[in-house]
Amino acid sequence: MSELPEHVRRNAALWNEQAREYATYGEQAWARDEPVWGVWNVPESELGLLPSSLAGQDAIELGCGTAYVSAWLARRGARVVGIDVSEAQLATARRLQQEHGLPFPLLHGSAESVPYTDASFDFAISEYGACLWADPRRWVPEAARLLRPGGRLVFLTNAFLHTLCLPAEGEVPAGDRLLRPAFEMFRVEWPDTTGVEFHLSHGDWVRTLRGAGFEIEDLIDVRPSATSSGRWPYATLEWARQWPCEEVWKARKRG
Ligand SMILES: C[S@@+](CC[C@H](N)C(=O)[O-])C[C@H]1O[C@@H](n2cnc3c(N)ncnc32)[C@H](O)[C@@H]1O
């Protein structure tokens, strides 16, 4: 661990602390048949993040956490591998694998440097994993290296607009004003947490993805579904029904 970049070590420590509290969500998600995405649980049938067939495909989840996304991929016939930098999150993932009788490799390590040879995978995915917590200048080229030509990368993370409207301190949800300059975003450290996040403008994502050898296929502004409910410390459903709170990028490796 000591040779990992500082932001990776800090995020590993943060997620080791948060893993116990987070396990309940992982348990519920592992038990689901149909994937639901993001904080508003939008069903896969509405959002369509997954390729129509995953049978026989080699897939990797970058920042898998409790690995429920990996479990959904495995149940759809993919040969899946999950990688995460938090031992405690992986311990939950391993327990849930045993409880559900669904073994697949889980690696302890950073998505910025994955111990697989070039062109090992057809599909890479991250839901609030590496795409939020790892440096895009490192993990995006690494995802491109891992994918075969034509392979797909899909990730879901906070919408840039939401981050611009989010108060920095306290558990106060995003309001209807821009609170920080867009041009100073990229690496973000909130004052009340020890983690390091990465929030990119759309221009930065386009350049980062294209520069790594991807063609962008879609950018989805996620809308809560009619059945979404609840409230998060940082976002209300009312806000998310008016502005994008989350976004999905879909890209395909050139070749
Ligand atoms: C909110 S969880 C998302 C994962 C999964 N969707 C879930 O909800 O369990 C974020 C995960 O990203 C992992 N993570 C953060 N930085 C990472 C990195 N550089 N490489 C791999 N995983 C990382 C954390 O350890 C954590 O388990």
# chains A, B, ... in the order shown; residues from 1 in each chain; ligands from 1

$ residues_near_ligand --ligand "ligand 1" --cutoff "7 Å" --atoms "only C-alpha atoms and all ligand atoms" --output "PDB file with N, CA, C and O atoms, in the first residue's frame"
ATOM      1  N   VAL A   8      -5.073   7.492  -3.288  1.00  0.00           N
ATOM      2  CA  VAL A   8      -5.565   6.109  -3.246  1.00  0.00           C
ATOM      3  C   VAL A   8      -5.493   5.585  -1.806  1.00  0.00           C
ATOM      4  O   VAL A   8      -6.443   4.947  -1.312  1.00  0.00           O
ATOM      5  N   ASN A  11      -8.309   7.167   0.181  1.00  0.00           N
ATOM      6  CA  ASN A  11      -9.630   6.611  -0.137  1.00  0.00           C
ATOM      7  C   ASN A  11      -9.778   5.176   0.369  1.00  0.00           C
ATOM      8  O   ASN A  11     -10.867   4.774   0.790  1.00  0.00           O
ATOM      9  N   ALA A  12      -8.686   4.423   0.362  1.00  0.00           N
ATOM     10  CA  ALA A  12      -8.736   3.060   0.921  1.00  0.00           C
ATOM     11  C   ALA A  12      -9.061   3.138   2.414  1.00  0.00           C
ATOM     12  O   ALA A  12      -9.909   2.386   2.923  1.00  0.00           O
ATOM     13  N   TRP A  15     -12.756   4.072   2.925  1.00  0.00           N
ATOM     14  CA  TRP A  15     -13.704   2.984   2.663  1.00  0.00           C
ATOM     15  C   TRP A  15     -13.541   1.825   3.628  1.00  0.00           C
ATOM     16  O   TRP A  15     -14.519   1.118   3.908  1.00  0.00           O
ATOM     17  N   GLY A  26     -25.077  -3.263   0.283  1.00  0.00           N
ATOM     18  CA  GLY A  26     -24.533  -4.356  -0.529  1.00  0.00           C
ATOM     19  C   GLY A  26     -25.388  -5.614  -0.422  1.00  0.00           C
ATOM     20  O   GLY A  26     -25.660  -6.281  -1.437  1.00  0.00           O
ATOM     21  N   LEU A  62     -14.375  -1.886 -11.792  1.00  0.00           N
ATOM     22  CA  LEU A  62     -13.258  -1.079 -11.293  1.00  0.00           C
ATOM     23  C   LEU A  62     -13.695  -0.302 -10.059  1.00  0.00           C
ATOM     24  O   LEU A  62     -14.420   0.686 -10.161  1.00  0.00           O
ATOM     25  N   GLY A  63     -13.269  -0.776  -8.897  1.00  0.00           N
ATOM     26  CA  GLY A  63     -13.759  -0.211  -7.638  1.00  0.00           C
ATOM     27  C   GLY A  63     -15.069  -0.893  -7.301  1.00  0.00           C
ATOM     28  O   GLY A  63     -16.116  -0.267  -7.235  1.00  0.00           O
ATOM     29  N   CYS A  64     -14.994  -2.206  -7.068  1.00  0.00           N
ATOM     30  CA  CYS A  64     -16.223  -3.023  -6.994  1.00  0.00           C
ATOM     31  C   CYS A  64     -16.928  -2.913  -5.654  1.00  0.00           C
ATOM     32  O   CYS A  64     -18.097  -3.290  -5.554  1.00  0.00           O
ATOM     33  N   GLY A  65     -16.240  -2.441  -4.614  1.00  0.00           N
ATOM     34  CA  GLY A  65     -16.886  -2.360  -3.303  1.00  0.00           C
ATOM     35  C   GLY A  65     -17.428  -3.710  -2.887  1.00  0.00           C
ATOM     36  O   GLY A  65     -16.718  -4.713  -2.893  1.00  0.00           O
ATOM     37  N   THR A  66     -18.719  -3.748  -2.579  1.00  0.00           N
ATOM     38  CA  THR A  66     -19.326  -5.004  -2.123  1.00  0.00           C
ATOM     39  C   THR A  66     -19.636  -5.939  -3.303  1.00  0.00           C
ATOM     40  O   THR A  66     -20.150  -7.031  -3.098  1.00  0.00           O
ATOM     41  N   ALA A  67     -19.355  -5.498  -4.496  1.00  0.00           N
ATOM     42  CA  ALA A  67     -19.360  -6.343  -5.710  1.00  0.00           C
ATOM     43  C   ALA A  67     -20.740  -6.808  -6.165  1.00  0.00           C
ATOM     44  O   ALA A  67     -20.858  -7.802  -6.866  1.00  0.00           O
ATOM     45  N   TYR A  68     -21.773  -6.023  -5.821  1.00  0.00           N
ATOM     46  CA  TYR A  68     -23.096  -6.441  -6.311  1.00  0.00           C
ATOM     47  C   TYR A  68     -23.215  -6.243  -7.820  1.00  0.00           C
ATOM     48  O   TYR A  68     -23.892  -7.025  -8.486  1.00  0.00           O
ATOM     49  N   VAL A  69     -22.546  -5.232  -8.371  1.00  0.00           N
ATOM     50  CA  VAL A  69     -22.591  -5.063  -9.834  1.00  0.00           C
ATOM     51  C   VAL A  69     -21.927  -6.275 -10.495  1.00  0.00           C
ATOM     52  O   VAL A  69     -22.445  -6.842 -11.465  1.00  0.00           O
ATOM     53  N   ILE A  83     -12.179  -5.501  -8.709  1.00  0.00           N
ATOM     54  CA  ILE A  83     -10.982  -5.004  -8.026  1.00  0.00           C
ATOM     55  C   ILE A  83     -11.384  -3.835  -7.137  1.00  0.00           C
ATOM     56  O   ILE A  83     -12.187  -2.979  -7.534  1.00  0.00           O
ATOM     57  N   ASP A  84     -10.830  -3.827  -5.920  1.00  0.00           N
ATOM     58  CA  ASP A  84     -11.113  -2.720  -4.997  1.00  0.00           C
ATOM     59  C   ASP A  84      -9.910  -2.537  -4.080  1.00  0.00           C
ATOM     60  O   ASP A  84      -9.183  -3.476  -3.770  1.00  0.00           O
ATOM     61  N   VAL A  85      -9.749  -1.297  -3.644  1.00  0.00           N
ATOM     62  CA  VAL A  85      -8.583  -0.956  -2.835  1.00  0.00           C
ATOM     63  C   VAL A  85      -8.865  -1.112  -1.341  1.00  0.00           C
ATOM     64  O   VAL A  85      -7.931  -1.041  -0.537  1.00  0.00           O
ATOM     65  N   SER A  86     -10.121  -1.355  -0.971  1.00  0.00           N
ATOM     66  CA  SER A  86     -10.477  -1.478   0.452  1.00  0.00           C
ATOM     67  C   SER A  86     -10.645  -2.947   0.837  1.00  0.00           C
ATOM     68  O   SER A  86     -11.533  -3.640   0.344  1.00  0.00           O
ATOM     69  N   GLN A  89     -14.200  -3.564   2.352  1.00  0.00           N
ATOM     70  CA  GLN A  89     -15.267  -3.703   1.354  1.00  0.00           C
ATOM     71  C   GLN A  89     -15.189  -5.096   0.707  1.00  0.00           C
ATOM     72  O   GLN A  89     -16.205  -5.757   0.502  1.00  0.00           O
ATOM     73  N   GLY A 109      -6.563  -4.156  -4.832  1.00  0.00           N
ATOM     74  CA  GLY A 109      -5.608  -3.296  -5.530  1.00  0.00           C
ATOM     75  C   GLY A 109      -6.312  -2.078  -6.082  1.00  0.00           C
ATOM     76  O   GLY A 109      -7.528  -1.908  -5.919  1.00  0.00           O
ATOM     77  N   SER A 110      -5.530  -1.240  -6.736  1.00  0.00           N
ATOM     78  CA  SER A 110      -6.079   0.006  -7.272  1.00  0.00           C
ATOM     79  C   SER A 110      -6.427  -0.146  -8.746  1.00  0.00           C
ATOM     80  O   SER A 110      -5.656  -0.717  -9.528  1.00  0.00           O
ATOM     81  N   ALA A 111      -7.559   0.435  -9.118  1.00  0.00           N
ATOM     82  CA  ALA A 111      -7.985   0.427 -10.528  1.00  0.00           C
ATOM     83  C   ALA A 111      -7.055   1.265 -11.400  1.00  0.00           C
ATOM     84  O   ALA A 111      -7.161   1.240 -12.620  1.00  0.00           O
ATOM     85  N   GLU A 112      -6.153   1.997 -10.769  1.00  0.00           N
ATOM     86  CA  GLU A 112      -5.190   2.781 -11.559  1.00  0.00           C
ATOM     87  C   GLU A 112      -4.051   1.899 -12.062  1.00  0.00           C
ATOM     88  O   GLU A 112      -3.247   2.333 -12.891  1.00  0.00           O
ATOM     89  N   SER A 126     -17.965   0.794 -13.791  1.00  0.00           N
ATOM     90  CA  SER A 126     -17.741   1.381 -12.472  1.00  0.00           C
ATOM     91  C   SER A 126     -18.972   2.186 -12.100  1.00  0.00           C
ATOM     92  O   SER A 126     -19.398   3.065 -12.848  1.00  0.00           O
ATOM     93  N   GLU A 127     -19.541   1.863 -10.957  1.00  0.00           N
ATOM     94  CA  GLU A 127     -20.659   2.645 -10.426  1.00  0.00           C
ATOM     95  C   GLU A 127     -20.167   3.312  -9.154  1.00  0.00           C
ATOM     96  O   GLU A 127     -20.017   2.646  -8.119  1.00  0.00           O
ATOM     97  N   TYR A 128     -19.871   4.586  -9.233  1.00  0.00           N
ATOM     98  CA  TYR A 128     -19.330   5.330  -8.083  1.00  0.00           C
ATOM     99  C   TYR A 128     -18.080   4.671  -7.512  1.00  0.00           C
ATOM    100  O   TYR A 128     -17.807   4.800  -6.315  1.00  0.00           O
ATOM    101  N   GLY A 129     -17.343   3.909  -8.330  1.00  0.00           N
ATOM    102  CA  GLY A 129     -16.108   3.278  -7.866  1.00  0.00           C
ATOM    103  C   GLY A 129     -14.914   4.094  -8.328  1.00  0.00           C
ATOM    104  O   GLY A 129     -14.769   5.278  -7.982  1.00  0.00           O
ATOM    105  N   ALA A 130     -14.057   3.479  -9.148  1.00  0.00           N
ATOM    106  CA  ALA A 130     -12.878   4.193  -9.659  1.00  0.00           C
ATOM    107  C   ALA A 130     -13.274   5.503 -10.334  1.00  0.00           C
ATOM    108  O   ALA A 130     -12.535   6.491 -10.276  1.00  0.00           O
ATOM    109  N   TRP A 133     -13.444   7.931  -7.413  1.00  0.00           N
ATOM    110  CA  TRP A 133     -12.415   7.967  -6.376  1.00  0.00           C
ATOM    111  C   TRP A 133     -10.995   7.795  -6.894  1.00  0.00           C
ATOM    112  O   TRP A 133     -10.041   7.909  -6.129  1.00  0.00           O
ATOM    113  N   ALA A 134     -10.832   7.447  -8.172  1.00  0.00           N
ATOM    114  CA  ALA A 134      -9.484   7.275  -8.720  1.00  0.00           C
ATOM    115  C   ALA A 134      -9.206   8.401  -9.714  1.00  0.00           C
ATOM    116  O   ALA A 134     -10.133   9.032 -10.237  1.00  0.00           O
TER     117      ALA A 134
END

$ residues_around --residues "Tyr234 in chain A" --least-positions-apart "4" --cutoff "12 Å" --atoms "only C-alpha atoms" --output "list in words"
Val39, Asn158, His162, Thr163, Leu164, Cys165, Leu166, Pro167, Ala168, Glu169, Gly170, Glu171, Val172, Pro173, Ala174, Gly175, Gly230, Trp239, Ala240, Cys245 and Glu246 of chain A

$ write_last_selection --atoms "N, CA, C and O atoms" --output "CSV table (one decimal), in the first residue's frame"
chain,number,residue,atom,x,y,z
A,39,VAL,N,-28.1,6.4,-7.0
A,39,VAL,CA,-28.8,6.6,-5.7
A,39,VAL,C,-30.3,6.6,-5.8
A,39,VAL,O,-31.0,6.5,-4.7
A,158,ASN,N,-21.4,11.1,-10.1
A,158,ASN,CA,-22.1,12.3,-9.8
A,158,ASN,C,-22.1,13.2,-11.1
A,158,ASN,O,-21.1,13.3,-11.7
A,162,HIS,N,-24.5,18.8,-10.5
A,162,HIS,CA,-24.8,18.6,-9.1
A,162,HIS,C,-23.6,19.0,-8.2
A,162,HIS,O,-23.8,19.7,-7.1
A,163,THR,N,-22.4,18.7,-8.6
A,163,THR,CA,-21.3,19.0,-7.7
A,163,THR,C,-21.1,20.5,-7.6
A,163,THR,O,-20.7,21.0,-6.6
A,164,LEU,N,-21.4,21.2,-8.7
A,164,LEU,CA,-21.3,22.7,-8.7
A,164,LEU,C,-22.2,23.3,-7.8
A,164,LEU,O,-22.0,24.4,-7.3
A,165,CYS,N,-23.4,22.6,-7.5
A,165,CYS,CA,-24.4,23.2,-6.7
A,165,CYS,C,-24.4,22.7,-5.2
A,165,CYS,O,-25.3,23.0,-4.5
A,166,LEU,N,-23.4,21.9,-4.9
A,166,LEU,CA,-23.4,21.2,-3.6
A,166,LEU,C,-22.6,22.0,-2.6
A,166,LEU,O,-21.5,22.4,-2.8
A,167,PRO,N,-23.3,22.4,-1.5
A,167,PRO,CA,-22.6,23.1,-0.4
A,167,PRO,C,-21.4,22.3,0.1
A,167,PRO,O,-21.5,21.1,0.2
A,168,ALA,N,-20.3,23.0,0.4
A,168,ALA,CA,-19.1,22.2,0.8
A,168,ALA,C,-19.2,21.6,2.2
A,168,ALA,O,-18.6,20.6,2.4
A,169,GLU,N,-19.9,22.2,3.1
A,169,GLU,CA,-19.8,21.8,4.4
A,169,GLU,C,-21.2,21.3,4.9
A,169,GLU,O,-22.2,21.8,4.5
A,170,GLY,N,-21.2,20.3,5.8
A,170,GLY,CA,-22.4,19.8,6.4
A,170,GLY,C,-23.2,19.0,5.4
A,170,GLY,O,-22.8,18.9,4.3
A,171,GLU,N,-24.2,18.3,6.0
A,171,GLU,CA,-25.0,17.4,5.1
A,171,GLU,C,-26.1,18.2,4.6
A,171,GLU,O,-27.3,18.0,4.9
A,172,VAL,N,-25.8,19.2,3.7
A,172,VAL,CA,-26.8,20.1,3.1
A,172,VAL,C,-27.0,19.7,1.6
A,172,VAL,O,-26.0,19.6,0.9
A,173,PRO,N,-28.2,19.4,1.2
A,173,PRO,CA,-28.3,19.0,-0.2
A,173,PRO,C,-28.0,20.1,-1.2
A,173,PRO,O,-28.1,21.3,-0.8
A,174,ALA,N,-27.8,19.7,-2.4
A,174,ALA,CA,-27.6,20.7,-3.5
A,174,ALA,C,-28.8,21.6,-3.6
A,174,ALA,O,-29.9,21.2,-3.5
A,175,GLY,N,-28.5,22.9,-3.9
A,175,GLY,CA,-29.6,23.9,-4.1
A,175,GLY,C,-29.6,24.3,-5.5
A,175,GLY,O,-29.0,23.7,-6.4
A,230,GLY,N,-37.1,8.6,-1.5
A,230,GLY,CA,-36.0,8.8,-0.5
A,230,GLY,C,-35.3,10.2,-0.7
A,230,GLY,O,-35.8,11.0,-1.5
A,239,TRP,N,-34.9,17.9,-6.4
A,239,TRP,CA,-33.8,18.4,-7.1
A,239,TRP,C,-33.5,17.5,-8.3
A,239,TRP,O,-33.4,18.0,-9.5
A,240,ALA,N,-33.4,16.2,-8.0
A,240,ALA,CA,-32.9,15.3,-9.1
A,240,ALA,C,-34.0,15.1,-10.2
A,240,ALA,O,-33.7,14.7,-11.3
A,245,CYS,N,-28.5,14.7,-11.4
A,245,CYS,CA,-27.8,14.5,-10.1
A,245,CYS,C,-26.7,13.5,-10.4
A,245,CYS,O,-25.7,13.4,-9.7
A,246,GLU,N,-26.9,12.6,-11.4
A,246,GLU,CA,-25.9,11.6,-11.7
A,246,GLU,C,-25.8,11.5,-13.2
A,246,GLU,O,-26.8,11.9,-14.0

$ closest_residue --among "A:Met185, A:Leu14, A:Ala124, A:Leu90" --to "Phe198 in chain A" --atoms "only C-alpha atoms"
A:Met185

$ atom_distance --atom1 "CA of Val42 in chain A" --atom2 "CA of Ser225 in chain A"
5.5 Å

$ closest_residue --among "A:Ser228, A:Leu178, A:Glu87, A:Leu156" --to "Arg9 in chain A" --atoms "only C-alpha atoms"
A:Glu87

$ closest_residue --among "A:Phe121, A:Pro233, A:Thr92, A:Trp243" --to "Asn16 in chain A" --atoms "only C-alpha atoms"
A:Thr92

$ select_by_dssp --residues "range 22-105 of chain A" --states "strand (DSSP E)" --output "JSON, numbers by chain"
{"A": [36, 37, 42, 43, 58, 59, 60, 61, 62, 79, 80, 81, 82, 83, 84]}

$ write_last_selection --atoms "C-alpha atoms" --output "PDB file, in the first residue's frame"
ATOM      1  CA  VAL A  36     -30.899  -0.819 -10.322  1.00  0.00           C
ATOM      2  CA  TRP A  37     -28.477   2.055 -10.715  1.00  0.00           C
ATOM      3  CA  VAL A  42     -33.242   3.459 -11.588  1.00  0.00           C
ATOM      4  CA  PRO A  43     -33.963   0.014 -13.084  1.00  0.00           C
ATOM      5  CA  ASP A  58     -14.777 -11.067 -19.859  1.00  0.00           C
ATOM      6  CA  ALA A  59     -15.785  -8.224 -17.557  1.00  0.00           C
ATOM      7  CA  ILE A  60     -14.126  -6.186 -14.837  1.00  0.00           C
ATOM      8  CA  GLU A  61     -15.631  -3.904 -12.198  1.00  0.00           C
ATOM      9  CA  LEU A  62     -13.258  -1.079 -11.293  1.00  0.00           C
ATOM     10  CA  ARG A  79     -16.647 -14.094 -16.516  1.00  0.00           C
ATOM     11  CA  VAL A  80     -16.227 -11.249 -14.073  1.00  0.00           C
ATOM     12  CA  VAL A  81     -13.390  -9.909 -11.923  1.00  0.00           C
ATOM     13  CA  GLY A  82     -13.796  -7.215  -9.278  1.00  0.00           C
ATOM     14  CA  ILE A  83     -10.982  -5.004  -8.026  1.00  0.00           C
ATOM     15  CA  ASP A  84     -11.113  -2.720  -4.997  1.00  0.00           C
TER      16      ASP A  84
END

$ residues_around --residues "Arg210 in chain A" --least-positions-apart "6" --cutoff "10 Å" --atoms "only C-alpha atoms" --output "number ranges by chain"
A: 140-141, 204, 216, 251-254

$ select_by_dssp --residues "range 28-96 of chain A" --states "helix (DSSP H, G or I)" --output "list in words"
Gln28, Ala29, Trp30, Glu44, Ser45, Glu46, Leu47, Tyr68, Val69, Ser70, Ala71, Trp72, Leu73, Ala74, Arg75, Glu87, Ala88, Gln89, Leu90, Ala91, Thr92, Ala93, Arg94, Arg95 and Leu96 of chain A

$ write_last_selection --atoms "C-alpha atoms" --output "short mmCIF file (atom, residue, chain, number, x, y, z; two decimals), in the first residue's frame"
data_model
loop_
_atom_site.label_atom_id
_atom_site.label_comp_id
_atom_site.auth_asym_id
_atom_site.auth_seq_id
_atom_site.Cartn_x
_atom_site.Cartn_y
_atom_site.Cartn_z
CA GLN A 28 -29.86 -5.65 -0.51
CA ALA A 29 -28.26 -5.12 -3.92
CA TRP A 30 -26.82 -8.65 -4.07
CA GLU A 44 -31.72 -1.39 -15.80
CA SER A 45 -34.84 -1.66 -18.00
CA GLU A 46 -35.05 2.18 -17.97
CA LEU A 47 -31.36 3.10 -18.07
CA TYR A 68 -23.10 -6.44 -6.31
CA VAL A 69 -22.59 -5.06 -9.83
CA SER A 70 -20.11 -7.89 -10.47
CA ALA A 71 -22.71 -10.35 -9.16
CA TRP A 72 -25.31 -9.00 -11.62
CA LEU A 73 -22.79 -9.41 -14.46
CA ALA A 74 -21.87 -12.95 -13.37
CA ARG A 75 -25.55 -13.94 -13.25
CA GLU A 87 -9.91 -4.81 2.24
CA ALA A 88 -13.00 -4.22 4.38
CA GLN A 89 -15.27 -3.70 1.35
CA LEU A 90 -13.82 -6.86 -0.20
CA ALA A 91 -14.47 -8.77 3.03
CA THR A 92 -18.18 -7.91 2.67
CA ALA A 93 -18.04 -8.90 -1.01
CA ARG A 94 -16.47 -12.29 -0.13
CA ARG A 95 -19.08 -12.97 2.56
CA LEU A 96 -21.88 -12.17 0.10
#

$ closest_residue --among "A:Asn41, A:Arg152, A:Asp192, A:Leu102" --to "Pro224 in chain A" --atoms "only C-alpha atoms"
A:Asn41

$ residues_around --residues "Ala119 in chain A" --least-positions-apart "6" --cutoff "6 Å" --atoms "only C-alpha atoms" --output "list of chain:residue names"
A:Leu146, A:Leu147, A:Arg148

$ write_last_selection --atoms "all heavy atoms" --output "PDB file, in the first residue's frame"
ATOM      1  N   LEU A 146      -6.768  -2.409 -20.575  1.00  0.00           N
ATOM      2  CA  LEU A 146      -7.349  -3.709 -20.199  1.00  0.00           C
ATOM      3  C   LEU A 146      -8.363  -4.222 -21.208  1.00  0.00           C
ATOM      4  O   LEU A 146      -8.609  -5.420 -21.298  1.00  0.00           O
ATOM      5  CB  LEU A 146      -8.033  -3.595 -18.829  1.00  0.00           C
ATOM      6  CG  LEU A 146      -7.125  -3.366 -17.629  1.00  0.00           C
ATOM      7  CD1 LEU A 146      -7.954  -2.948 -16.414  1.00  0.00           C
ATOM      8  CD2 LEU A 146      -6.314  -4.621 -17.316  1.00  0.00           C
ATOM      9  N   LEU A 147      -8.992  -3.285 -21.951  1.00  0.00           N
ATOM     10  CA  LEU A 147     -10.061  -3.691 -22.871  1.00  0.00           C
ATOM     11  C   LEU A 147      -9.510  -4.123 -24.224  1.00  0.00           C
ATOM     12  O   LEU A 147      -8.503  -3.596 -24.708  1.00  0.00           O
ATOM     13  CB  LEU A 147     -11.047  -2.539 -23.075  1.00  0.00           C
ATOM     14  CG  LEU A 147     -11.998  -2.282 -21.905  1.00  0.00           C
ATOM     15  CD1 LEU A 147     -12.716  -0.942 -22.076  1.00  0.00           C
ATOM     16  CD2 LEU A 147     -13.019  -3.419 -21.759  1.00  0.00           C
ATOM     17  N   ARG A 148     -10.227  -5.037 -24.833  1.00  0.00           N
ATOM     18  CA  ARG A 148      -9.919  -5.432 -26.217  1.00  0.00           C
ATOM     19  C   ARG A 148     -10.463  -4.360 -27.161  1.00  0.00           C
ATOM     20  O   ARG A 148     -11.392  -3.627 -26.792  1.00  0.00           O
ATOM     21  CB  ARG A 148     -10.584  -6.779 -26.522  1.00  0.00           C
ATOM     22  CG  ARG A 148     -10.097  -7.866 -25.567  1.00  0.00           C
ATOM     23  CD  ARG A 148     -10.662  -9.244 -25.830  1.00  0.00           C
ATOM     24  NE  ARG A 148     -10.028 -10.157 -24.908  1.00  0.00           N
ATOM     25  CZ  ARG A 148     -10.661 -10.936 -24.018  1.00  0.00           C
ATOM     26  NH1 ARG A 148     -11.984 -10.970 -23.975  1.00  0.00           N
ATOM     27  NH2 ARG A 148      -9.988 -11.704 -23.199  1.00  0.00           N
TER      28      ARG A 148
END

$ atom_distance --atom1 "CA of Gly203 in chain A" --atom2 "CA of Phe186 in chain A"
11.4 Å

$ closest_residue --among "A:Ala143, A:Ser120, A:Arg223, A:Phe155" --to "Leu237 in chain A" --atoms "only C-alpha atoms"
A:Arg223

$ atom_distance --atom1 "CA of Leu49 in chain A" --atom2 "CA of Arg32 in chain A"
16.0 Å
